[in-house]
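S.K.: Take this structure first; my questions come after.
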Amino acid sequence: MNINIRNLIIDGEFDKLNRLIKLGVIKMDDALNEVYNLNDGKYFYNFAYFVEFASKDKLVKRLIATKNAEYIFKFARDIIGAPIDELALGIIATKNAEYIYEFARRIKGAPIEKLALGIASTYNGCYIRYFAEFIHGAPIEKLAEAIAGTNDANNISYFILYIDEISLKTLKKLVEALLKTNDEECICEFISNIDEDLKEKLSKAFYPINIMEQLYQKLVASKDITYIRSLLDTDETIIKIILQYITDTKDEKFVYNCMHELGGIFAYQFFLEIVELKDFEAISKLLIELNFEDEKPQTKFDICLLENIDLLLGAMEECKDIQLLQKVFNGAKLPIVKSYLKILILGIEESSSILSEEEKMNLLTVLYNNEDFATIRKYREVFSSLFQDKGESLGRN
């Protein structure tokens with residue numbers, strides 16, 4: 001081991017090293033031994049590049065053993081007469097997807113098939129996709145199968161949308177892999193970028209299953225209103241399918257949120273689902289929201305509520321939660337809602353323990369002023385207690 005030879009190599013003084021080798025001051029074998037002892041890809045590359053008559057074969061084997069992808073690539077790129085196939089196997093062994101891709105892209109005569117299999121084994125979705133997209137002669141089918149196993153939704157989606165020459169069988173496998181990622185954002189973006197040609201291919205690949213409907217259903221299942229809203233900017237048939245998937249969830253809170261967030265022309269369908277599900281909490285919120293100045297609704301959502309107030313009130317007839325009914329009564333602004341809810345409260349418990357004397361008198365006054373004598377007659381026993389002698393003084397102050 002010679003520190004002086006080693007320092008020449010480390011310091012990059014190759015002109016000096018070359019001259020001393022030519023003058024016979026330094027033996028080539030001694031210089032090679034020093035670079036071998038350094039065991040660093042950088043120095044193997046530099047020695048092969050700068051030292052005249054250096055043994056390339058021995059340096060290549062040593063370099064490959066370091067698994068330094070950067071200098072294996074540079075060796076193949078810059079060293080005249082470098083054994084490309086041997087270096088390709090070496091760079092594959094590093095499992096470095098970036099340099100495997102660069103090797104295939106920039107090294108003339110690179111074994112594309114072997115490199116493709118090598119990059120596939122890295123499961124790096126980004127560079128597998130790059131390989132398929134930019135390397136001439138790349139085995140697309142094998143790369144597609146590889147990317148399907150990456151769980152990389154973004155690159156799987158891109159592969160399906162923009163890489164040609166995929167068989168229908170492989171196309172199906174890729175879409176199934178995309179769905180398994182459960183990446184709603186990527187699935188949403190994927191759906192928005194599907195053109196008519198790809199729709200036709202998907203239809204053939206999944207026949208007789210309607211894969212587009214499955215994609216919509218997958219996104220609805222995420223219950224993310226932002227993604228679902230993006231799907232509604234499409235044709236009427238698809239909108240109906242999506243709305244049906246929403247109601248099919250039978251998730252009262254989700255349907256309620258959709259009614260608020262998606263509203264508009266879809267409000268009525270969500271409204272009916274809430275009523276049908278007998279979601280008394282949601283119905284109660286809607287009744288409290290009926291709070292328009294002079295009872296004049298401002299939006300389509302408001303109009304839907306007001307026009308169907310009878311359905312909301314009718315649904316609440318089945319609610320037996322006296323506290324919830326009282327909460328709605330206290331929070332409601334419209335007189336019709338307050339009157340109806342108070343009647344429901346009377347119907348659940350016809351005893352003075354539920355309503356105070358003052359509350360019963362107020363209710364009787366409202367019913368009387370509205371000429372609702374049928375309700376008064378129905379609950380006459382409740383109201384009659386107001387006029388029974390309880391021993392109080394009959395005089396007035």
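Labeling convention for the structure tokens: chains A, B, ... as they appear, residues from 1 per chain, ligands from 1 in order of appearance.
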Do you know which residues are at most 12 Å from range 35-37 of chain A counting only C-alpha atoms, after dropping those on the same chain fewer than 2 positions away, and could you put them as JSON, numbers by chain?
M.R.: {"A": [1, 2, 3, 5, 6, 7, 8, 9, 10, 12, 28, 29, 30, 31, 32, 33, 39, 40, 41, 42, 43, 44, 45, 46, 47, 48, 51, 54, 55, 58, 59, 60, 61, 62, 63, 65, 66]}
S.K.: Using only C-alpha atoms, which residues sit within 9 Å of Met316 in chain A once same-chain residues fewer than 3 positions away are excluded, as JSON, numbers by chain?
M.R.: {"A": [275, 278, 280, 283, 284, 311, 312, 313, 319, 320, 325, 341, 344]}
S.K.: At a cut-off of 9 Å, using only C-alpha atoms, what residues contact Ala82 in chain A? Leave out same-chain residues fewer than 6 positions from it and give the result as a count of residues only.
M.R.: 5
S.K.: I need the residue nearest Phe73 in chain A from this list: A:Tyr49, A:Phe329, A:Phe159, A:Tyr99. Use only C-alpha atoms for the distance.
M.R.: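 So, comparing all the options, the nearest one is A:Tyr99.
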S.K.: Go ahead and compute the interatomic distance for CA of Ala93 in chain A and CA of Ala120 in chain A, in Å to one decimal.
M.R.: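 Computed distance, CA of Ala93 in chain A to CA of Ala120 in chain A, equals 12.2 Å.
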S.K.: Residues within 8 Å of Ile100 in chain A, please, as a PyMOL selection string. Count only C-alpha atoms; anything in the same chain fewer than 2 positions from it doesn't count.
M.R.: chain A and resi 88+91-92+95-98+102-104+115+118-119
S.K.: Residues within 8 Å of Phe383 in chain A, please, as a PDB file with all heavy atoms, in the first residue's frame. Count only C-alpha atoms; anything in the same chain fewer than 4 positions from it doesn't count.
M.R.:
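So the final result, stored in part-v5.pdb, reads:
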```pdb
ATOM      1  N   LYS A 360     -99.611  25.294  27.321  1.00  0.00           N
ATOM      2  CA  LYS A 360    -100.886  24.782  26.799  1.00  0.00           C
ATOM      3  C   LYS A 360    -101.818  25.921  26.397  1.00  0.00           C
ATOM      4  O   LYS A 360    -102.495  25.858  25.376  1.00  0.00           O
ATOM      5  CB  LYS A 360    -101.548  23.880  27.843  1.00  0.00           C
ATOM      6  CG  LYS A 360    -100.884  22.514  27.941  1.00  0.00           C
ATOM      7  CD  LYS A 360    -101.724  21.536  28.741  1.00  0.00           C
ATOM      8  CE  LYS A 360    -101.573  21.789  30.232  1.00  0.00           C
ATOM      9  NZ  LYS A 360    -102.269  20.744  31.028  1.00  0.00           N
ATOM     10  N   MET A 361    -101.850  26.978  27.201  1.00  0.00           N
ATOM     11  CA  MET A 361    -102.702  28.117  26.870  1.00  0.00           C
ATOM     12  C   MET A 361    -102.228  28.810  25.594  1.00  0.00           C
ATOM     13  O   MET A 361    -103.037  29.191  24.744  1.00  0.00           O
ATOM     14  CB  MET A 361    -102.735  29.110  28.034  1.00  0.00           C
ATOM     15  CG  MET A 361    -103.651  30.311  27.770  1.00  0.00           C
ATOM     16  SD  MET A 361    -105.391  29.841  27.426  1.00  0.00           S
ATOM     17  CE  MET A 361    -105.930  29.439  29.083  1.00  0.00           C
ATOM     18  N   LEU A 364    -103.235  26.603  22.700  1.00  0.00           N
ATOM     19  CA  LEU A 364    -104.677  26.710  22.471  1.00  0.00           C
ATOM     20  C   LEU A 364    -105.008  28.019  21.756  1.00  0.00           C
ATOM     21  O   LEU A 364    -105.838  28.048  20.839  1.00  0.00           O
ATOM     22  CB  LEU A 364    -105.426  26.629  23.805  1.00  0.00           C
ATOM     23  CG  LEU A 364    -106.955  26.753  23.722  1.00  0.00           C
ATOM     24  CD1 LEU A 364    -107.546  25.633  22.867  1.00  0.00           C
ATOM     25  CD2 LEU A 364    -107.563  26.751  25.122  1.00  0.00           C
ATOM     26  N   ILE A 376    -108.155  21.102  18.346  1.00  0.00           N
ATOM     27  CA  ILE A 376    -108.618  21.421  19.700  1.00  0.00           C
ATOM     28  C   ILE A 376    -109.539  20.321  20.212  1.00  0.00           C
ATOM     29  O   ILE A 376    -109.435  19.877  21.359  1.00  0.00           O
ATOM     30  CB  ILE A 376    -109.347  22.776  19.731  1.00  0.00           C
ATOM     31  CG1 ILE A 376    -108.357  23.906  19.395  1.00  0.00           C
ATOM     32  CG2 ILE A 376    -109.989  23.030  21.096  1.00  0.00           C
ATOM     33  CD1 ILE A 376    -109.021  25.271  19.240  1.00  0.00           C
ATOM     34  N   TYR A 379    -107.627  17.085  21.160  1.00  0.00           N
ATOM     35  CA  TYR A 379    -106.886  17.131  22.418  1.00  0.00           C
ATOM     36  C   TYR A 379    -107.650  17.916  23.488  1.00  0.00           C
ATOM     37  O   TYR A 379    -107.061  18.592  24.325  1.00  0.00           O
ATOM     38  CB  TYR A 379    -105.503  17.763  22.183  1.00  0.00           C
ATOM     39  CG  TYR A 379    -104.655  16.952  21.233  1.00  0.00           C
ATOM     40  CD1 TYR A 379    -104.462  17.364  19.919  1.00  0.00           C
ATOM     41  CD2 TYR A 379    -104.074  15.757  21.653  1.00  0.00           C
ATOM     42  CE1 TYR A 379    -103.696  16.610  19.037  1.00  0.00           C
ATOM     43  CE2 TYR A 379    -103.313  14.992  20.791  1.00  0.00           C
ATOM     44  CZ  TYR A 379    -103.131  15.422  19.471  1.00  0.00           C
ATOM     45  OH  TYR A 379    -102.385  14.669  18.619  1.00  0.00           O
ATOM     46  N   PHE A 387    -109.187  24.756  32.413  1.00  0.00           N
ATOM     47  CA  PHE A 387    -110.416  25.410  32.877  1.00  0.00           C
ATOM     48  C   PHE A 387    -111.064  24.660  34.034  1.00  0.00           C
ATOM     49  O   PHE A 387    -112.250  24.811  34.300  1.00  0.00           O
ATOM     50  CB  PHE A 387    -111.386  25.534  31.701  1.00  0.00           C
ATOM     51  CG  PHE A 387    -110.763  26.245  30.530  1.00  0.00           C
ATOM     52  CD1 PHE A 387    -110.255  25.526  29.442  1.00  0.00           C
ATOM     53  CD2 PHE A 387    -110.661  27.632  30.513  1.00  0.00           C
ATOM     54  CE1 PHE A 387    -109.677  26.175  28.374  1.00  0.00           C
ATOM     55  CE2 PHE A 387    -110.080  28.277  29.436  1.00  0.00           C
ATOM     56  CZ  PHE A 387    -109.578  27.562  28.365  1.00  0.00           C
TER      57      PHE A 387
END
```
S.K.: Would you mind telling me which residue in A:Leu306, A:Asp195, A:Thr375, A:Glu141 lies nearest to Thr170 in chain A when using only C-alpha atoms?
M.R.: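 Closest residue, counting only C-alpha atoms: A:Glu141.
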S.K.: Work out how far CA of Lys333 in chain A is from CA of Glu307 in chain A, in Å to one decimal.
M.R.: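 CA of Lys333 in chain A lies at a distance of 16.1 Å from CA of Glu307 in chain A.
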S.K.: How far is it from CA of Glu358 in chain A to CA of Ser385 in chain A, in Å with one decimal?
M.R.: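 Going from CA of Glu358 in chain A over to CA of Ser385 in chain A covers 11.8 Å.
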